[in-house]
Amino acid sequence: MSEIIIDPVTRIEGHSRISIQLDEHGEVVDAHFHVTQFRGFERISQGRPFHEMPSLMARICGICPVSHLIASAKACEEVMAVSIPPVATRLRRVMNLAQIVQSHSLSFFHLSSPDLLLGFDADPTSRNFLGVAEAAPQLALDGVAMRKFGQQIIERLGGKRIHPGWIVPGGVSHPLRAEQRDEILAAIPDALERIRRTISWYKANVARWTDEAAVFANFPTLYMGLVHDNGNIGYSDGELRVIDGKGNVLADHRDPKPYWEYLGEAVEPWSYLKSTYWKDLGYPAGLYRVGPLARLNVIDQFGTAEADDELQQYRDHLGRYPSSSFYYHHARLLEILDAVTSIKENLSHPEILDDRVRSVAEPNRSEGVGVSEAPRGTLMHHYRVDANGSVEWANLVIATGHNNLAMNKGVLEVARKYVHGTEIPEPMLNRVEAVIRCFDPCLSCSTHAIGEMPLTLQLLAADGHVLDELAR
Amino acid sequence: MILAEDVLVIGYGNPLRGDDGAGWKAAELLAEDPRLAGAVVLARHQLTPELADDVSRASLVVLVDASQEPGEPGTVSSYPLSLDPASGPVFSHHVDPARLLQLAIDLFGQAPPAVQVSIRVADVGPGTELSPTVDAAMPTLVGTVIDVINEHCHADA
């Protein structure tokens, strides 16, 4: 028995490694996606006043702090037992949509487009965003502009583009000004033009990746996401819908807050990332996916005309419930289109400048759960507080944890397709990583840590000595 | 006072890691400094690809950062940047100064002259305060940035 280690995995958000177990003939028998960084935010938050939680929890991640702000604020509002003003709900949606735009843009343009444009077999020294800028400047330019579009909305609303403190328990800290609204609206046409161009580019090139799409975590699972009563996608609000790979509904119009009733959280000794599963099917059979691919499978429609037209084309091409995780990329682009349009619609609401933006209350309950959709999938914050409102206990269920079982199964699937023997060709290494990139896991969210990741891949013999090694 | 229109100053670093936040704090000071009227001053955790757009629009870019190069803590140095990128892997979340300039050329067709102003660190442990040595050198850091811009503006005049 031998083992290949990819450590750490590159072009994802955080630190991880992949191990691939080989038998005596060099064939893959098992594979694991290990998350090697440690978080500890649940413990750090103990003893903090509950109203500090949103700003504290936003520090978990520099990419999707808004998701944590929203889920955390909603959990606090459960503790306060208040409803927030309607305009605050709408303003939070705008910021969450902006974050989806910038986060999805980072995933698609900066992290994945090097593979899609230059090829999975391309020279790794140029297979990066700078290589994209050189080979296809317009694609890179659109990526830079789309990310900036989302970041600037967050900055305009919250005062800064990372860790804005604007979303607070009870609503938002200050109302929208007319000039802020108008600045954002003025940028919408350019953003729409860029995402339309990118979707066209993707559709014109998708046939190039047929082989990868066939094996990139391509298996039936359950899918989970928030959906509004009318079947529209629910990024910041909504109720839970869960379906299987054939579209059979396992749960619908379900209150997402008592997650412990329907989700289990398993812990494996080889990873700091929890593996959540659908309780009715048990562990590990109850694997499911969240995030863009899952959301497009569970919703009836987006709710904006142009995105719905693209969604219909997507379904006509891939089927109603596509199962390959490769199509997270396509789903991500359609969500950007929908998000830009939805930002415009929300900001055009006649009451968007209303100055009644915050409900104020002391703690009135000892427990609260907040649920929202992060770019990568459903996010849950759960707090218990004492009589003074100090946090006694917290639990976070993160999108990347929901996808953990599917990511592990996907790594195994790709490794079986591309890994044979005891040497490690770089294109194989890249494809094993690329299946993880489809999910756009945020390990900083799911465990919390800093930055970047050079990659080392080791092939270990049964006795543990290194047979082969690649590093970059 | 100098008229520093079209000059871009980016102070970057991690303000939660002691002296690594020196660039960030310099940006905060420079943004309030009346001697830099008209300049765009940004504080960022790191240099990201999105900054290429701002860089391409500027007539001069000054990057202010903390440095762990060997040397006396608090020492300030400045040098013009070239387009030769640092060796090592390319990341997608942030870029080194030379790659940022190259990206501005690739995507927006131009990059201005650029100067790096650095201050040697004493302590980059967790914390929001600068070490006494680096804190005492902040006026020198700010003054060096202003001198660089002053020289550029007078050369253009």
# chains A, B, ... in the order shown; residues from 1 in each chain; ligands from 1

$ residues_around --residues "A:Trp166" --least-positions-apart "4" --cutoff "10 Å" --atoms "only C-alpha atoms" --output "PyMOL selection string"
chain A and resi 54-55+66+69+92+95+154-155+157-160+171-175

$ select_by_dssp --residues "stretch 202-395 of chain A" --states "alpha helix (DSSP H)" --output "PyMOL selection string"
chain A and resi 202-205+210-215+292-298+305-318+328-347

$ atom_distance --atom1 "atom CA of A:Gly231" --atom2 "atom CA of A:Ala187"
28.7 Å

$ atom_distance --atom1 "atom CA of B:Asp53" --atom2 "atom CA of B:Pro112"
11.6 Å

$ atom_distance --atom1 "atom CA of A:Asp30" --atom2 "atom CA of A:Ala399"
23.9 Å

$ interface_residues --of "chain A" --to "chain B" --cutoff "8 Å" --atoms "only C-alpha atoms" --output "VMD selection string"
chain A and resid 11 110 to 111 125 128 to 130 133 to 134 137 to 138 140 to 141 144 to 145 147 to 148 452 454 472

$ closest_residue --among "A:Ala294, A:Val101, A:Met53, A:Pro169" --to "A:Ser359" --atoms "only C-alpha atoms"
A:Pro169

$ closest_residue --among "B:Ala26, B:Val121, B:Leu8, B:Val41" --to "B:Pro139" --atoms "only C-alpha atoms"
B:Ala26

$ select_by_dssp --residues "stretch 25-61 of chain A" --states "strand (DSSP E or B)" --output "JSON, numbers by chain"
{"A": [27, 28, 29, 30, 31, 32, 33, 34, 35, 49]}

$ write_last_selection --atoms "all heavy atoms" --output "short mmCIF file (atom, residue, chain, number, x, y, z; two decimals), in the first residue's frame"
data_model
loop_
_atom_site.label_atom_id
_atom_site.label_comp_id
_atom_site.auth_asym_id
_atom_site.auth_seq_id
_atom_site.Cartn_x
_atom_site.Cartn_y
_atom_site.Cartn_z
N GLU A 27 -2.84 1.29 -8.03
CA GLU A 27 -4.19 1.76 -8.32
C GLU A 27 -4.79 2.38 -7.06
O GLU A 27 -4.52 1.94 -5.93
CB GLU A 27 -5.06 0.61 -8.82
CG GLU A 27 -4.61 0.04 -10.16
CD GLU A 27 -4.60 1.09 -11.28
OE1 GLU A 27 -5.58 1.84 -11.39
OE2 GLU A 27 -3.58 1.17 -12.00
N VAL A 28 -5.62 3.38 -7.27
CA VAL A 28 -6.19 4.13 -6.15
C VAL A 28 -7.24 3.29 -5.42
O VAL A 28 -8.15 2.74 -6.05
CB VAL A 28 -6.83 5.44 -6.65
CG1 VAL A 28 -7.56 6.16 -5.53
CG2 VAL A 28 -5.76 6.34 -7.26
N VAL A 29 -7.09 3.22 -4.11
CA VAL A 29 -8.11 2.52 -3.31
C VAL A 29 -8.89 3.46 -2.40
O VAL A 29 -10.02 3.17 -2.01
CB VAL A 29 -7.48 1.38 -2.47
CG1 VAL A 29 -6.96 0.28 -3.36
CG2 VAL A 29 -6.38 1.90 -1.55
N ASP A 30 -8.29 4.61 -2.07
CA ASP A 30 -9.02 5.55 -1.22
C ASP A 30 -8.36 6.93 -1.35
O ASP A 30 -7.21 7.04 -1.80
CB ASP A 30 -9.00 5.10 0.25
CG ASP A 30 -10.15 5.70 1.05
OD1 ASP A 30 -10.95 6.47 0.46
OD2 ASP A 30 -10.25 5.42 2.25
N ALA A 31 -9.07 7.97 -0.97
CA ALA A 31 -8.53 9.33 -1.01
C ALA A 31 -9.24 10.18 0.03
O ALA A 31 -10.42 9.95 0.33
CB ALA A 31 -8.71 9.94 -2.40
N HIS A 32 -8.50 11.14 0.58
CA HIS A 32 -9.09 12.04 1.57
C HIS A 32 -8.67 13.48 1.30
O HIS A 32 -7.54 13.74 0.90
CB HIS A 32 -8.64 11.67 2.98
CG HIS A 32 -9.25 10.41 3.50
ND1 HIS A 32 -10.61 10.23 3.61
CD2 HIS A 32 -8.69 9.27 3.95
CE1 HIS A 32 -10.85 9.03 4.11
NE2 HIS A 32 -9.71 8.41 4.31
N PHE A 33 -9.60 14.38 1.56
CA PHE A 33 -9.34 15.82 1.54
C PHE A 33 -9.22 16.25 2.99
O PHE A 33 -10.20 16.23 3.73
CB PHE A 33 -10.50 16.53 0.84
CG PHE A 33 -10.45 18.03 0.88
CD1 PHE A 33 -9.37 18.72 0.34
CD2 PHE A 33 -11.49 18.77 1.43
CE1 PHE A 33 -9.33 20.11 0.36
CE2 PHE A 33 -11.46 20.15 1.46
CZ PHE A 33 -10.38 20.82 0.92
N HIS A 34 -7.99 16.59 3.40
CA HIS A 34 -7.74 16.93 4.81
C HIS A 34 -7.70 18.44 4.96
O HIS A 34 -6.97 19.12 4.23
CB HIS A 34 -6.37 16.42 5.27
CG HIS A 34 -6.12 14.96 5.00
ND1 HIS A 34 -6.20 14.01 5.98
CD2 HIS A 34 -5.80 14.31 3.86
CE1 HIS A 34 -5.91 12.81 5.46
NE2 HIS A 34 -5.66 12.98 4.18
N VAL A 35 -8.43 18.96 5.90
CA VAL A 35 -8.31 20.37 6.24
C VAL A 35 -7.45 20.45 7.48
O VAL A 35 -7.80 19.94 8.54
CB VAL A 35 -9.69 21.01 6.45
CG1 VAL A 35 -9.54 22.46 6.87
CG2 VAL A 35 -10.49 20.91 5.17
N PRO A 49 -20.17 39.53 24.88
CA PRO A 49 -21.56 39.99 24.78
C PRO A 49 -22.14 39.60 23.42
O PRO A 49 -21.44 39.74 22.41
CB PRO A 49 -21.44 41.51 24.90
CG PRO A 49 -20.11 41.76 25.53
CD PRO A 49 -19.22 40.63 25.08
#

$ residues_around --residues "stretch 10-21 of chain B" --least-positions-apart "2" --cutoff "6 Å" --atoms "only C-alpha atoms" --output "count of residues only"
22

$ residues_around --residues "A:Ser45" --least-positions-apart "3" --cutoff "9 Å" --atoms "only C-alpha atoms" --output "PDB file with N, CA, C and O atoms, in the first residue's frame"
ATOM      1  N   GLY A  40     -11.504  27.437  15.891  1.00  0.00           N
ATOM      2  CA  GLY A  40     -11.616  27.801  17.303  1.00  0.00           C
ATOM      3  C   GLY A  40     -12.515  28.980  17.591  1.00  0.00           C
ATOM      4  O   GLY A  40     -12.547  29.461  18.722  1.00  0.00           O
ATOM      5  N   PHE A  41     -13.241  29.488  16.588  1.00  0.00           N
ATOM      6  CA  PHE A  41     -14.081  30.660  16.844  1.00  0.00           C
ATOM      7  C   PHE A  41     -15.221  30.365  17.813  1.00  0.00           C
ATOM      8  O   PHE A  41     -15.670  31.266  18.535  1.00  0.00           O
ATOM      9  N   GLU A  42     -15.716  29.139  17.805  1.00  0.00           N
ATOM     10  CA  GLU A  42     -16.786  28.810  18.750  1.00  0.00           C
ATOM     11  C   GLU A  42     -16.300  28.997  20.190  1.00  0.00           C
ATOM     12  O   GLU A  42     -17.051  29.427  21.056  1.00  0.00           O
ATOM     13  N   ARG A  48     -18.264  36.508  25.357  1.00  0.00           N
ATOM     14  CA  ARG A  48     -18.431  37.810  24.711  1.00  0.00           C
ATOM     15  C   ARG A  48     -19.898  38.239  24.777  1.00  0.00           C
ATOM     16  O   ARG A  48     -20.805  37.399  24.704  1.00  0.00           O
ATOM     17  N   PRO A  49     -20.172  39.534  24.879  1.00  0.00           N
ATOM     18  CA  PRO A  49     -21.564  39.993  24.781  1.00  0.00           C
ATOM     19  C   PRO A  49     -22.142  39.598  23.417  1.00  0.00           C
ATOM     20  O   PRO A  49     -21.442  39.736  22.407  1.00  0.00           O
ATOM     21  N   PHE A  50     -23.402  39.150  23.397  1.00  0.00           N
ATOM     22  CA  PHE A  50     -23.940  38.615  22.136  1.00  0.00           C
ATOM     23  C   PHE A  50     -23.934  39.650  21.031  1.00  0.00           C
ATOM     24  O   PHE A  50     -23.757  39.315  19.857  1.00  0.00           O
ATOM     25  N   MET A  53     -21.160  39.666  18.542  1.00  0.00           N
ATOM     26  CA  MET A  53     -20.910  38.478  17.729  1.00  0.00           C
ATOM     27  C   MET A  53     -20.791  38.752  16.227  1.00  0.00           C
ATOM     28  O   MET A  53     -19.902  38.197  15.568  1.00  0.00           O
ATOM     29  N   LEU A  56     -17.397  40.135  15.498  1.00  0.00           N
ATOM     30  CA  LEU A  56     -16.383  39.132  15.829  1.00  0.00           C
ATOM     31  C   LEU A  56     -16.380  38.006  14.802  1.00  0.00           C
ATOM     32  O   LEU A  56     -15.323  37.607  14.297  1.00  0.00           O
ATOM     33  N   MET A  57     -17.563  37.531  14.450  1.00  0.00           N
ATOM     34  CA  MET A  57     -17.663  36.388  13.527  1.00  0.00           C
ATOM     35  C   MET A  57     -17.261  36.776  12.097  1.00  0.00           C
ATOM     36  O   MET A  57     -16.806  35.944  11.333  1.00  0.00           O
ATOM     37  N   VAL A 391     -22.282  35.200  25.667  1.00  0.00           N
ATOM     38  CA  VAL A 391     -22.331  33.943  24.921  1.00  0.00           C
ATOM     39  C   VAL A 391     -21.729  32.820  25.762  1.00  0.00           C
ATOM     40  O   VAL A 391     -20.598  32.938  26.254  1.00  0.00           O
ATOM     41  N   GLU A 392     -22.510  31.776  25.941  1.00  0.00           N
ATOM     42  CA  GLU A 392     -22.029  30.622  26.701  1.00  0.00           C
ATOM     43  C   GLU A 392     -21.540  29.514  25.779  1.00  0.00           C
ATOM     44  O   GLU A 392     -20.669  28.717  26.148  1.00  0.00           O
ATOM     45  N   TRP A 393     -22.128  29.464  24.576  1.00  0.00           N
ATOM     46  CA  TRP A 393     -21.847  28.347  23.670  1.00  0.00           C
ATOM     47  C   TRP A 393     -22.180  28.809  22.262  1.00  0.00           C
ATOM     48  O   TRP A 393     -23.103  29.599  22.058  1.00  0.00           O
ATOM     49  N   ALA A 394     -21.397  28.358  21.309  1.00  0.00           N
ATOM     50  CA  ALA A 394     -21.671  28.700  19.908  1.00  0.00           C
ATOM     51  C   ALA A 394     -21.333  27.504  19.027  1.00  0.00           C
ATOM     52  O   ALA A 394     -20.416  26.726  19.334  1.00  0.00           O
TER      53      ALA A 394
END

$ closest_residue --among "A:Gln313, A:Thr89, A:Ser372, A:Ser103" --to "A:Arg332" --atoms "only C-alpha atoms"
A:Ser103

$ residues_around --residues "A:Lys246" --least-positions-apart "5" --cutoff "10 Å" --atoms "only C-alpha atoms" --output "short mmCIF file (atom, residue, chain, number, x, y, z; two decimals) with all heavy atoms, in the first residue's frame"
data_model
loop_
_atom_site.label_atom_id
_atom_site.label_comp_id
_atom_site.auth_asym_id
_atom_site.auth_seq_id
_atom_site.Cartn_x
_atom_site.Cartn_y
_atom_site.Cartn_z
N PRO A 220 -24.77 11.25 -7.98
CA PRO A 220 -25.98 11.79 -7.36
C PRO A 220 -25.80 11.99 -5.86
O PRO A 220 -25.18 11.18 -5.18
CB PRO A 220 -27.03 10.71 -7.65
CG PRO A 220 -26.25 9.45 -7.85
CD PRO A 220 -24.93 9.85 -8.43
N THR A 221 -26.27 13.11 -5.38
CA THR A 221 -26.29 13.39 -3.93
C THR A 221 -27.61 14.08 -3.64
O THR A 221 -28.41 14.35 -4.54
CB THR A 221 -25.16 14.34 -3.51
OG1 THR A 221 -25.36 15.61 -4.15
CG2 THR A 221 -23.79 13.80 -3.87
N LEU A 222 -27.81 14.42 -2.39
CA LEU A 222 -28.88 15.35 -2.07
C LEU A 222 -28.36 16.77 -2.34
O LEU A 222 -27.16 16.99 -2.39
CB LEU A 222 -29.29 15.23 -0.60
CG LEU A 222 -29.64 13.83 -0.08
CD1 LEU A 222 -30.14 13.91 1.36
CD2 LEU A 222 -30.65 13.14 -0.97
N ASN A 297 -30.23 23.56 -8.48
CA ASN A 297 -31.03 22.34 -8.53
C ASN A 297 -32.29 22.44 -7.68
O ASN A 297 -33.32 21.88 -8.03
CB ASN A 297 -30.19 21.14 -8.08
CG ASN A 297 -29.27 20.64 -9.19
OD1 ASN A 297 -29.37 21.07 -10.34
ND2 ASN A 297 -28.36 19.74 -8.86
N ARG A 320 -32.25 18.75 -15.78
CA ARG A 320 -32.86 19.53 -14.70
C ARG A 320 -32.03 19.49 -13.42
O ARG A 320 -31.99 20.46 -12.66
CB ARG A 320 -34.28 19.01 -14.43
CG ARG A 320 -35.01 19.68 -13.27
CD ARG A 320 -35.18 21.18 -13.51
NE ARG A 320 -35.84 21.82 -12.38
CZ ARG A 320 -35.22 22.23 -11.27
NH1 ARG A 320 -33.91 22.03 -11.14
NH2 ARG A 320 -35.88 22.82 -10.30
N TYR A 321 -31.35 18.36 -13.19
CA TYR A 321 -30.58 18.22 -11.95
C TYR A 321 -29.15 17.76 -12.25
O TYR A 321 -28.79 16.62 -11.98
CB TYR A 321 -31.26 17.25 -10.98
CG TYR A 321 -32.70 17.59 -10.72
CD1 TYR A 321 -33.74 16.87 -11.32
CD2 TYR A 321 -33.02 18.67 -9.88
CE1 TYR A 321 -35.06 17.21 -11.09
CE2 TYR A 321 -34.35 19.01 -9.65
CZ TYR A 321 -35.37 18.28 -10.25
OH TYR A 321 -36.68 18.63 -10.03
N PRO A 322 -28.34 18.63 -12.85
CA PRO A 322 -26.97 18.20 -13.18
C PRO A 322 -26.22 17.77 -11.93
O PRO A 322 -26.34 18.39 -10.87
CB PRO A 322 -26.35 19.46 -13.81
CG PRO A 322 -27.24 20.59 -13.44
CD PRO A 322 -28.59 20.02 -13.24
N SER A 323 -25.43 16.70 -12.07
CA SER A 323 -24.77 16.14 -10.88
C SER A 323 -23.26 16.37 -10.88
O SER A 323 -22.61 16.14 -9.86
CB SER A 323 -25.05 14.64 -10.79
OG SER A 323 -24.59 13.97 -11.95
#

$ residues_around --residues "B:Ile119" --least-positions-apart "3" --cutoff "9 Å" --atoms "only C-alpha atoms" --output "PyMOL selection string"
chain B and resi 19+22-23+64-68+73-78+134+137-138+141

$ write_last_selection --atoms "N, CA and C atoms" --output "mmCIF file, in the first residue's frame"
data_model
loop_
_atom_site.group_PDB
_atom_site.id
_atom_site.type_symbol
_atom_site.label_atom_id
_atom_site.label_comp_id
_atom_site.auth_asym_id
_atom_site.auth_seq_id
_atom_site.Cartn_x
_atom_site.Cartn_y
_atom_site.Cartn_z
ATOM 1 N N ASP B 19 4.143 45.671 13.841
ATOM 2 C CA ASP B 19 4.813 46.547 12.873
ATOM 3 C C ASP B 19 4.436 46.254 11.422
ATOM 4 N N ALA B 22 2.586 48.989 9.716
ATOM 5 C CA ALA B 22 3.188 50.318 9.543
ATOM 6 C C ALA B 22 2.735 50.974 8.237
ATOM 7 N N GLY B 23 2.661 50.207 7.162
ATOM 8 C CA GLY B 23 2.211 50.762 5.884
ATOM 9 C C GLY B 23 0.776 51.248 5.968
ATOM 10 N N VAL B 64 3.845 51.703 0.237
ATOM 11 C CA VAL B 64 4.424 51.835 1.573
ATOM 12 C C VAL B 64 4.175 50.541 2.337
ATOM 13 N N ASP B 65 5.264 49.931 2.785
ATOM 14 C CA ASP B 65 5.139 48.591 3.355
ATOM 15 C C ASP B 65 6.133 48.419 4.495
ATOM 16 N N ALA B 66 5.875 47.430 5.328
ATOM 17 C CA ALA B 66 6.849 47.022 6.345
ATOM 18 C C ALA B 66 7.793 46.004 5.717
ATOM 19 N N SER B 67 9.019 46.006 6.168
ATOM 20 C CA SER B 67 10.018 45.112 5.584
ATOM 21 C C SER B 67 10.690 44.282 6.673
ATOM 22 N N GLN B 68 10.899 43.013 6.358
ATOM 23 C CA GLN B 68 11.627 42.141 7.281
ATOM 24 C C GLN B 68 13.048 41.884 6.799
ATOM 25 N N PRO B 73 15.853 48.105 13.006
ATOM 26 C CA PRO B 73 14.409 48.390 13.044
ATOM 27 C C PRO B 73 14.141 49.886 13.024
ATOM 28 N N GLY B 74 13.133 50.277 12.269
ATOM 29 C CA GLY B 74 12.781 51.682 12.159
ATOM 30 C C GLY B 74 13.471 52.396 11.014
ATOM 31 N N THR B 75 14.432 51.713 10.365
ATOM 32 C CA THR B 75 15.124 52.328 9.226
ATOM 33 C C THR B 75 14.179 52.414 8.030
ATOM 34 N N VAL B 76 14.149 53.580 7.410
ATOM 35 C CA VAL B 76 13.286 53.787 6.250
ATOM 36 C C VAL B 76 14.138 53.828 4.988
ATOM 37 N N SER B 77 13.675 53.123 3.961
ATOM 38 C CA SER B 77 14.391 53.153 2.684
ATOM 39 C C SER B 77 13.397 53.318 1.550
ATOM 40 N N SER B 78 13.880 53.835 0.438
ATOM 41 C CA SER B 78 13.011 53.948 -0.738
ATOM 42 C C SER B 78 13.815 53.602 -1.976
ATOM 43 N N VAL B 134 9.475 51.494 15.810
ATOM 44 C CA VAL B 134 8.826 51.794 14.528
ATOM 45 C C VAL B 134 7.865 52.967 14.677
ATOM 46 N N ALA B 137 9.601 56.079 14.349
ATOM 47 C CA ALA B 137 10.096 56.345 12.992
ATOM 48 C C ALA B 137 8.973 56.690 12.015
ATOM 49 N N MET B 138 7.725 56.681 12.463
ATOM 50 C CA MET B 138 6.626 56.957 11.539
ATOM 51 C C MET B 138 6.723 58.336 10.884
ATOM 52 N N LEU B 141 8.953 57.929 8.016
ATOM 53 C CA LEU B 141 8.305 57.178 6.935
ATOM 54 C C LEU B 141 7.370 58.095 6.142
#

$ residues_around --residues "A:Met224" --least-positions-apart "4" --cutoff "8 Å" --atoms "only C-alpha atoms" --output "list in words"
Leu240, Arg241, Val242, Ile243, Tyr288, Arg289, Val290, Ala294, Arg295, Val298 and Thr378 of chain A

$ write_last_selection --atoms "all heavy atoms" --output "CSV table (one decimal), in the first residue's frame"
chain,number,residue,atom,x,y,z
A,240,LEU,N,-36.0,26.1,4.0
A,240,LEU,CA,-35.1,25.1,3.4
A,240,LEU,C,-35.8,24.1,2.5
A,240,LEU,O,-36.9,23.7,2.7
A,240,LEU,CB,-34.6,24.2,4.6
A,240,LEU,CG,-33.2,23.5,4.4
A,240,LEU,CD1,-32.1,24.5,4.3
A,240,LEU,CD2,-33.0,22.6,5.6
A,241,ARG,N,-35.1,23.8,1.4
A,241,ARG,CA,-35.6,22.8,0.5
A,241,ARG,C,-34.4,21.8,0.2
A,241,ARG,O,-33.3,22.2,0.0
A,241,ARG,CB,-36.1,23.4,-0.9
A,241,ARG,CG,-36.6,22.3,-1.8
A,241,ARG,CD,-37.0,22.9,-3.2
A,241,ARG,NE,-38.3,23.7,-3.0
A,241,ARG,CZ,-38.8,24.4,-4.0
A,241,ARG,NH1,-38.2,24.4,-5.2
A,241,ARG,NH2,-40.0,25.0,-3.9
A,242,VAL,N,-34.8,20.5,0.3
A,242,VAL,CA,-33.8,19.5,0.1
A,242,VAL,C,-34.4,18.5,-0.9
A,242,VAL,O,-35.5,18.1,-0.7
A,242,VAL,CB,-33.4,18.8,1.4
A,242,VAL,CG1,-32.4,17.6,1.1
A,242,VAL,CG2,-32.8,19.7,2.4
A,243,ILE,N,-33.6,18.2,-1.9
A,243,ILE,CA,-34.0,17.2,-2.9
A,243,ILE,C,-33.0,16.2,-3.1
A,243,ILE,O,-31.8,16.4,-2.7
A,243,ILE,CB,-34.4,17.9,-4.3
A,243,ILE,CG1,-33.1,18.5,-4.9
A,243,ILE,CG2,-35.4,19.0,-4.1
A,243,ILE,CD1,-33.2,19.0,-6.3
A,288,TYR,N,-24.6,15.4,0.9
A,288,TYR,CA,-25.4,16.4,0.1
A,288,TYR,C,-24.5,17.5,-0.3
A,288,TYR,O,-23.4,17.6,0.2
A,288,TYR,CB,-26.6,16.9,0.9
A,288,TYR,CG,-26.3,17.6,2.2
A,288,TYR,CD1,-26.2,19.0,2.3
A,288,TYR,CD2,-26.0,16.8,3.4
A,288,TYR,CE1,-25.8,19.6,3.5
A,288,TYR,CE2,-25.7,17.5,4.6
A,288,TYR,CZ,-25.6,18.9,4.6
A,288,TYR,OH,-25.2,19.5,5.8
A,289,ARG,N,-25.0,18.3,-1.2
A,289,ARG,CA,-24.2,19.4,-1.7
A,289,ARG,C,-25.0,20.7,-1.4
A,289,ARG,O,-26.2,20.7,-1.5
A,289,ARG,CB,-23.8,19.3,-3.1
A,289,ARG,CG,-22.6,18.4,-3.3
A,289,ARG,CD,-22.3,18.2,-4.8
A,289,ARG,NE,-23.1,17.1,-5.4
A,289,ARG,CZ,-22.9,16.6,-6.6
A,289,ARG,NH1,-22.0,17.1,-7.4
A,289,ARG,NH2,-23.7,15.7,-7.1
A,290,VAL,N,-24.2,21.8,-1.2
A,290,VAL,CA,-24.8,23.1,-1.1
A,290,VAL,C,-24.0,24.0,-2.1
A,290,VAL,O,-23.1,23.6,-2.7
A,290,VAL,CB,-24.7,23.7,0.3
A,290,VAL,CG1,-25.5,22.8,1.3
A,290,VAL,CG2,-23.3,23.8,0.8
A,294,ALA,N,-26.0,23.3,-6.2
A,294,ALA,CA,-27.2,22.8,-5.4
A,294,ALA,C,-28.3,23.8,-5.4
A,294,ALA,O,-29.5,23.4,-5.5
A,294,ALA,CB,-26.7,22.5,-3.9
A,295,ARG,N,-28.0,25.1,-5.3
A,295,ARG,CA,-29.1,26.1,-5.3
A,295,ARG,C,-29.8,26.1,-6.6
A,295,ARG,O,-31.1,26.2,-6.6
A,295,ARG,CB,-28.5,27.5,-5.0
A,295,ARG,CG,-28.1,27.7,-3.6
A,295,ARG,CD,-27.8,29.2,-3.3
A,295,ARG,NE,-26.6,29.7,-3.8
A,295,ARG,CZ,-25.5,29.9,-3.1
A,295,ARG,NH1,-25.4,29.7,-1.8
A,295,ARG,NH2,-24.4,30.4,-3.7
A,298,VAL,N,-32.2,23.1,-6.5
A,298,VAL,CA,-33.4,23.1,-5.6
A,298,VAL,C,-34.4,24.2,-6.0
A,298,VAL,O,-35.6,24.1,-5.7
A,298,VAL,CB,-33.0,23.3,-4.1
A,298,VAL,CG1,-32.1,22.1,-3.7
A,298,VAL,CG2,-32.3,24.6,-3.8
A,378,THR,N,-25.2,27.1,2.3
A,378,THR,CA,-25.9,27.5,3.5
A,378,THR,C,-25.0,27.6,4.7
A,378,THR,O,-24.2,26.8,5.0
A,378,THR,CB,-27.0,26.4,3.8
A,378,THR,OG1,-27.6,26.0,2.5
A,378,THR,CG2,-28.1,26.9,4.7
